[in-house]
Amino acid sequence: MKLKVTGIVCAMAVLILSFLIPNLSAAQTPAAVLTGKVMASSGRVVSNAKVTVKNVETGKSAETLTNPDGVYTFTNLAPGEYEVSVTNEALGAKTAKAILTAGQQQTLDLMLAPATQEPLPNAPSLGDLGFTPQQSEPDAKLQAMLEKRTEMLKIHQRLGLIAAAPMAAALITGPMAKAKGKNGQTITEPTTANLDFHAALGGATAALYFTSAYYSIFAPKVPETPKHGAIRMHEALAFIHVPGMIITPALGIMAYKQENAGEKVHGLASAHGTVAWITAAAYGTSIVAVSWPIHWKLWEK
């Protein structure tokens with residue numbers, strides 16, 4: 001009988017110790033502290049942001065709010081790995097990892113960076129300014145038009161720059177395709193190769209030029225958008241080089257026929273070179289006007 005009672009007492013003692021020993025061990029392990037500051041991407045502190053810590057191993061979590069200085073603090077945390085998350089209604093959420101050591105305080109600052117630019121404090125909304133939701137919605141039709149205009153003007157610019165190369169070459173080879181004479185007598189006859197090469201360069205220039213002009217003329221126009229500065233200068237010079245690009249080939253054809261006939265260039269055809277140089281000068285200036293950040297104050301008035 002005594003043995004039976006003794007066995008029961010021992011069993012109860014073992015059971016009690018099994019509960020006490022883990023609690024005693026936990027009580028002997030120093031707690032960890034986690035603190036930090038929550039800030040917005042602008043650098044200002046974020047108060048009343050909800051901060052949550054979750055023990056990765058046990059799944060146990062706790063939460064708190066940041067104070068007016070944007071500071072949060074967790075005490076009595078068991079050592080281990082934690083997942084720290086902060087959320088704010090206006091600025092979104094952020095998650096980070098932290099490993100806490102027994103008896104140590106760790107600092108973990110968190111920054112909230114919203115997908116869109118953070119609104120200024122007390123900034124008026126579009127509704128406050130009198131815009132309806134329909135007016136503030138993006139205009140898909142207008143956006144498509146702007147994209148098409150941008151693409152066509154890019155092609156216009158590229159072809160315009162490319163056209164400058166054969167134009168310069170045509171000006172250089174011009175004297176080679178012109179008969180030289182004295183007192184009405186021809187001294188040097190241009191070769192057929194020189195004439196044909198010069199004519200080919202002129203034809204290539206005209207083809208590239210008018211193709212480039214097509215993309216500029218037929219690009220969609222944005223209503224109620226005034227033009228100023230270099231763009232106005234660029235378009236004003238077109239009143240010189242556009243007629244010039246029509247007259248120059250016409251005079252060139254006349255000169256070509258006279259040269260092939262063994263004649264000295266005469267009449268209107270003799271103005272071919274002068275018109276070509278004036279056209280090239282106006283064209284080159286129009287390119288420079290929009291290729292460098294030059295402010296044409298006179299044209300902005």
# chains A, B, ... in the order shown; residues from 1 in each chain; ligands from 1
>>> residues_around(residues="region 145-150 of chain A", least_positions_apart="2", cutoff="10 Å", atoms="only C-alpha atoms", output="list of chain:residue names")
A:Ala140, A:Lys141, A:Leu142, A:Gln143, A:Met152, A:Leu153, A:Lys154, A:Ile155, A:His156, A:Tyr215, A:Ser216, A:Phe218, A:Ala219, A:Pro220, A:Lys221, A:Val222
>>> write_last_selection(atoms="N, CA and C atoms", output="PDB file, in the first residue's frame")
ATOM      1  N   ALA A 140      -8.434  58.640 -73.880  1.00  0.00           N
ATOM      2  CA  ALA A 140      -7.734  57.631 -74.682  1.00  0.00           C
ATOM      3  C   ALA A 140      -7.560  58.096 -76.127  1.00  0.00           C
ATOM      4  N   LYS A 141      -8.563  58.795 -76.658  1.00  0.00           N
ATOM      5  CA  LYS A 141      -8.496  59.260 -78.039  1.00  0.00           C
ATOM      6  C   LYS A 141      -7.400  60.302 -78.201  1.00  0.00           C
ATOM      7  N   LEU A 142      -7.332  61.247 -77.248  1.00  0.00           N
ATOM      8  CA  LEU A 142      -6.305  62.278 -77.299  1.00  0.00           C
ATOM      9  C   LEU A 142      -4.917  61.672 -77.126  1.00  0.00           C
ATOM     10  N   GLN A 143      -4.790  60.691 -76.234  1.00  0.00           N
ATOM     11  CA  GLN A 143      -3.505  60.042 -76.013  1.00  0.00           C
ATOM     12  C   GLN A 143      -3.028  59.335 -77.268  1.00  0.00           C
ATOM     13  N   MET A 152       5.139  60.326 -85.948  1.00  0.00           N
ATOM     14  CA  MET A 152       5.297  60.893 -87.292  1.00  0.00           C
ATOM     15  C   MET A 152       6.335  62.008 -87.310  1.00  0.00           C
ATOM     16  N   LEU A 153       6.374  62.818 -86.256  1.00  0.00           N
ATOM     17  CA  LEU A 153       7.364  63.894 -86.207  1.00  0.00           C
ATOM     18  C   LEU A 153       8.783  63.351 -86.015  1.00  0.00           C
ATOM     19  N   LYS A 154       8.905  62.208 -85.337  1.00  0.00           N
ATOM     20  CA  LYS A 154      10.217  61.570 -85.222  1.00  0.00           C
ATOM     21  C   LYS A 154      10.722  61.131 -86.594  1.00  0.00           C
ATOM     22  N   ILE A 155       9.825  60.531 -87.400  1.00  0.00           N
ATOM     23  CA  ILE A 155      10.206  60.112 -88.753  1.00  0.00           C
ATOM     24  C   ILE A 155      10.555  61.340 -89.593  1.00  0.00           C
ATOM     25  N   HIS A 156       9.771  62.413 -89.462  1.00  0.00           N
ATOM     26  CA  HIS A 156      10.036  63.663 -90.168  1.00  0.00           C
ATOM     27  C   HIS A 156      11.439  64.184 -89.846  1.00  0.00           C
ATOM     28  N   TYR A 215       5.370  63.603 -93.552  1.00  0.00           N
ATOM     29  CA  TYR A 215       5.144  63.220 -92.153  1.00  0.00           C
ATOM     30  C   TYR A 215       4.903  64.437 -91.256  1.00  0.00           C
ATOM     31  N   SER A 216       5.444  65.581 -91.642  1.00  0.00           N
ATOM     32  CA  SER A 216       5.193  66.789 -90.862  1.00  0.00           C
ATOM     33  C   SER A 216       3.811  67.367 -91.148  1.00  0.00           C
ATOM     34  N   PHE A 218       1.091  65.903 -92.426  1.00  0.00           N
ATOM     35  CA  PHE A 218      -0.057  65.060 -92.106  1.00  0.00           C
ATOM     36  C   PHE A 218      -0.025  64.488 -90.691  1.00  0.00           C
ATOM     37  N   ALA A 219       0.926  64.928 -89.876  1.00  0.00           N
ATOM     38  CA  ALA A 219       0.896  64.541 -88.459  1.00  0.00           C
ATOM     39  C   ALA A 219      -0.329  65.186 -87.806  1.00  0.00           C
ATOM     40  N   PRO A 220      -1.040  64.462 -86.923  1.00  0.00           N
ATOM     41  CA  PRO A 220      -2.227  65.043 -86.267  1.00  0.00           C
ATOM     42  C   PRO A 220      -1.879  66.338 -85.552  1.00  0.00           C
ATOM     43  N   LYS A 221      -2.749  67.297 -85.667  1.00  0.00           N
ATOM     44  CA  LYS A 221      -2.543  68.596 -85.028  1.00  0.00           C
ATOM     45  C   LYS A 221      -3.255  68.641 -83.680  1.00  0.00           C
ATOM     46  N   VAL A 222      -2.582  69.185 -82.678  1.00  0.00           N
ATOM     47  CA  VAL A 222      -3.173  69.339 -81.347  1.00  0.00           C
ATOM     48  C   VAL A 222      -3.889  70.685 -81.310  1.00  0.00           C
TER      49      VAL A 222
END
>>> residues_around(residues="region 45-59 of chain A", least_positions_apart="3", cutoff="12 Å", atoms="only C-alpha atoms", output="PyMOL selection string")
chain A and resi 33-42+62-75+77-100+108-113
>>> write_last_selection(atoms="C-alpha atoms", output="mmCIF file, in the first residue's frame")
data_model
loop_
_atom_site.group_PDB
_atom_site.id
_atom_site.type_symbol
_atom_site.label_atom_id
_atom_site.label_comp_id
_atom_site.auth_asym_id
_atom_site.auth_seq_id
_atom_site.Cartn_x
_atom_site.Cartn_y
_atom_site.Cartn_z
ATOM 1 C CA VAL A 33 13.318 44.727 -27.703
ATOM 2 C CA LEU A 34 12.536 45.978 -31.197
ATOM 3 C CA THR A 35 12.152 49.671 -31.944
ATOM 4 C CA GLY A 36 12.419 52.010 -34.919
ATOM 5 C CA LYS A 37 10.988 54.938 -36.813
ATOM 6 C CA VAL A 38 8.533 54.942 -39.733
ATOM 7 C CA MET A 39 9.082 57.618 -42.376
ATOM 8 C CA ALA A 40 7.638 58.558 -45.757
ATOM 9 C CA SER A 41 9.798 58.810 -48.880
ATOM 10 C CA SER A 42 9.719 62.599 -48.489
ATOM 11 C CA ALA A 62 1.792 41.603 -31.812
ATOM 12 C CA GLU A 63 0.950 45.049 -33.103
ATOM 13 C CA THR A 64 1.227 48.676 -32.103
ATOM 14 C CA LEU A 65 0.880 52.205 -33.523
ATOM 15 C CA THR A 66 3.657 54.711 -34.130
ATOM 16 C CA ASN A 67 3.673 57.738 -31.811
ATOM 17 C CA PRO A 68 3.614 61.399 -33.051
ATOM 18 C CA ASP A 69 7.338 61.133 -33.721
ATOM 19 C CA GLY A 70 6.813 58.079 -35.922
ATOM 20 C CA VAL A 71 8.461 55.754 -33.389
ATOM 21 C CA TYR A 72 7.271 52.223 -32.534
ATOM 22 C CA THR A 73 8.506 49.925 -29.754
ATOM 23 C CA PHE A 74 7.985 46.238 -28.923
ATOM 24 C CA THR A 75 9.215 44.835 -25.584
ATOM 25 C CA LEU A 77 9.823 39.643 -27.421
ATOM 26 C CA ALA A 78 11.286 36.153 -27.502
ATOM 27 C CA PRO A 79 14.603 35.885 -29.369
ATOM 28 C CA GLY A 80 14.290 34.679 -32.940
ATOM 29 C CA GLU A 81 13.426 35.754 -36.484
ATOM 30 C CA TYR A 82 10.543 38.162 -36.968
ATOM 31 C CA GLU A 83 8.591 39.541 -39.890
ATOM 32 C CA VAL A 84 7.943 43.252 -39.383
ATOM 33 C CA SER A 85 5.255 44.999 -41.423
ATOM 34 C CA VAL A 86 3.942 48.555 -41.382
ATOM 35 C CA THR A 87 0.797 49.842 -43.059
ATOM 36 C CA ASN A 88 -0.603 53.314 -43.594
ATOM 37 C CA GLU A 89 -3.839 54.120 -45.384
ATOM 38 C CA ALA A 90 -2.328 56.891 -47.489
ATOM 39 C CA LEU A 91 1.188 55.551 -48.065
ATOM 40 C CA GLY A 92 0.701 51.811 -48.494
ATOM 41 C CA ALA A 93 2.631 49.007 -46.773
ATOM 42 C CA LYS A 94 6.180 47.796 -46.231
ATOM 43 C CA THR A 95 7.551 44.481 -44.877
ATOM 44 C CA ALA A 96 11.023 43.697 -43.519
ATOM 45 C CA LYS A 97 12.863 40.948 -41.595
ATOM 46 C CA ALA A 98 14.549 41.230 -38.211
ATOM 47 C CA ILE A 99 16.521 38.727 -36.110
ATOM 48 C CA LEU A 100 16.329 39.513 -32.384
ATOM 49 C CA LEU A 108 14.727 48.818 -37.526
ATOM 50 C CA ASP A 109 13.639 51.971 -39.366
ATOM 51 C CA LEU A 110 11.026 51.565 -42.093
ATOM 52 C CA MET A 111 10.302 53.817 -45.049
ATOM 53 C CA LEU A 112 7.015 53.892 -46.916
ATOM 54 C CA ALA A 113 7.321 54.696 -50.614
#
>>> closest_residue(among="A:Ala236, A:Ala280, A:Ala269, A:Ala230", to="Ala163 (chain A)", atoms="only C-alpha atoms")
A:Ala280
>>> atom_distance(atom1="CA of Glu235 (chain A)", atom2="CA of Ile253 (chain A)")
27.7 Å
>>> atom_distance(atom1="CA of Gly202 (chain A)", atom2="CA of Gly262 (chain A)")
20.9 Å
>>> closest_residue(among="A:Leu159, A:Met245, A:Leu268, A:Ala32", to="Thr211 (chain A)", atoms="only C-alpha atoms")
A:Leu159
>>> select_by_dssp(residues="region 176-293 of chain A", states="strand (DSSP E)", output="ChimeraX atom specification")
/A:180-182,185-188
>>> atom_distance(atom1="CA of Pro243 (chain A)", atom2="CA of Asn194 (chain A)")
25.8 Å
